[in-house]
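Visitor: Below are the structure tokens for one structure; questions will follow.
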Amino acid sequence: MLLQIRPLTTQKVSGSQMKELPKLKDAWLLLEDDVIHSFGQMSEIPDLKDLKTLDCSGKIVLPSWCDSHTHLVYAGNREQEFVDRINGLSYQEIAASGGGIINSAKKLQATSQEELFAQSEKRLQEVIQLGTGAIEIKSGYGLTTESEMKMLRVARELGAKHNIAIKTTFLGAHAIPPEFKNNKEGYLDLICGEMMEQIASENLADYVDVFCEQGYFSVADTNKILQAGKKFGFRAKTHVNQFTAMGGVAESVKNQALSVDHLEVLTKEDITALQDSQTMPVALPLCSFFLSIPYTPARAVIDAGLPLALATDYNPGSSPSGNMNLAVATACIKMKLSPEEAINAATINGAYAMGLSDSYGSITVGKKANVIITKEIPSYGYLPYAFGSTNIDQVILNGKLI
């Protein structure tokens, strides 16, 4: 079965459309070089010679996962904070005591670019094997000009070496570094000035992001950073409503953000702000799972006629997993998405949230030849149902079997 067959004109799906997952049973798929050439029913397969063939009898072929929100480039891990949370400390308490993002920043600043690449490459290779064929990677664990650029250089190098679509996002506004503890305006000026100038000069980022949250960056701060980003050609993608609803969604929409991510706390006003916009809401269920915080109210989002994307939020502190299969399953189990809605959210809508709908996210003639081949399973509903099993048999990236 071929799953997620779309015309090129489909950029994203919204509301009730998310329950529709176009498929073709008893089908063939032809990949030529690194693109999808054609497909159809087995009864009408053309007579083609000298081709490498894969027998997918009893299997499902679907487009690779599109993970639109990760922090995959980081140094070290934060397993001690995981234990601290088990012992009763909150995410905010850990951050206030020097843990969290600041902890990761200290480790990253002390790590060479070569070592950072080596650590991050292992993670990228793992998620490719798990079916991810396009991915966004943020900075934000540097918090100095040099270290933010180091992260973004590593992300660019990973994409070049592994021939995978990687979109990079500048997230200098992830936390306020200790040296600017009493001078947030000074750090904002650094972000909007020197950091953006140097990142733009090396073409290291596609997007700009802000952690709009109490104790981090305000709505006014968010507007300042997004406006500065526009001047350097960086479109907005924002962290909003993880713990509090404070107007960040509306501000992001006003700034033509491509996506608003997290949304664990969501108000009617936030949903109204998203309607009639081009901004993609993105849920991060593995973060909710790991931190034991509320899940994005996905049903409210979709039932309001909005689109929804799913991503992993792969990072060392709040979501140490890049497993999109688990994200899809968790969305079904905990957020009450149907398998159709979850797969749409993890493919075509995930591609949209990276600005990649023209080339990724569906089985479409002319798009990149990035597909997942499952094991022999009874239906695509089995993928989220058997959440603890690895049901991917093979992965094809840019027309090459991985």
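By order of appearance in the structure tokens: chains A, B, ..., then residues from 1 within every chain, and ligands from 1 in the order shown.
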Taking a cut-off of 12 Å and counting only C-alpha atoms, can you build a table that, for each residue of range 232-255 of chain A near range 59-81 of chain A, reports the nearest atom pair and how far apart they are in Å (one decimal), sorted by chain then residue number, as a Markdown table?
Guide:
| residue | atom | partner | partner_atom | distance |
| --- | --- | --- | --- | --- |
| A:Lys237 | CA | A:His69 | CA | 9.3 |
| A:Thr238 | CA | A:His69 | CA | 10.0 |
| A:His239 | CA | A:His69 | CA | 9.8 |
Visitor: Report as a compact mmCIF listing (two decimals) with C-alpha atoms, in the first residue's frame all protein, DNA and RNA residues lying within 12 Å of Glu157 in chain A, evaluated on only C-alpha atoms, omitting residues in the same chain fewer than 3 positions from it.
Guide:
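Output file around_16.txt follows:
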# COMPACT_ATOMS: atom_id res chain seq x y z
CA VAL A 73 22.95 19.77 18.14
CA GLN A 113 33.12 22.23 17.02
CA GLU A 114 34.64 18.90 15.95
CA LEU A 116 30.02 18.76 18.86
CA PHE A 117 29.71 17.51 15.28
CA ALA A 118 30.67 13.97 16.32
CA SER A 120 25.34 15.35 16.95
CA GLU A 121 26.10 13.13 13.96
CA LEU A 124 21.19 12.41 13.28
CA ILE A 137 17.72 22.08 14.10
CA LYS A 150 29.25 26.98 16.28
CA MET A 151 25.94 25.15 16.70
CA LEU A 152 24.55 26.45 13.42
CA ARG A 153 27.74 25.58 11.53
CA VAL A 154 27.50 22.02 12.84
CA ALA A 160 25.85 18.56 3.72
CA LYS A 161 27.53 15.33 4.83
CA HIS A 162 24.38 13.23 5.13
CA ASN A 163 22.46 14.71 2.18
CA ILE A 164 19.37 15.35 4.28
CA ALA A 165 17.20 18.46 4.30
CA ILE A 166 18.09 20.42 7.44
CA LYS A 167 16.51 23.77 8.20
CA THR A 168 18.41 25.82 10.78
CA LEU A 204 23.82 30.00 8.90
Visitor: Nearest to Trp28 in chain A: which of A:Leu226, A:Ile363, A:Gly159, A:Leu266 is it, counting only C-alpha atoms?
Guide: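 Counting only C-alpha atoms, the residue closest to Trp28 in chain A is A:Ile363.
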Visitor: Write down as a ChimeraX atom specification the residues of range 125-257 of chain A whose backbone DSSP state falls under alpha helix (DSSP H).
Guide: /A:125-129,145-162,184-190,196-201,219-231,248-254
Visitor: Which is closer to Lys181 in chain A than all the others in A:Ser201, A:Asp276, A:Asp209, A:Ile102, using only C-alpha atoms?
Guide: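 Distance minimum relative to Lys181 in chain A lands on A:Ile102.
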Visitor: Please provide as a ChimeraX atom specification all residues within 12 Å of Val210 in chain A, with the sequence filter that same-chain residues fewer than 3 positions apart are discarded (counting only C-alpha atoms).
Guide: /A:138-140,169-176,188,191-192,207,213,216-229,235-241,248-249,251-252,257,259-261
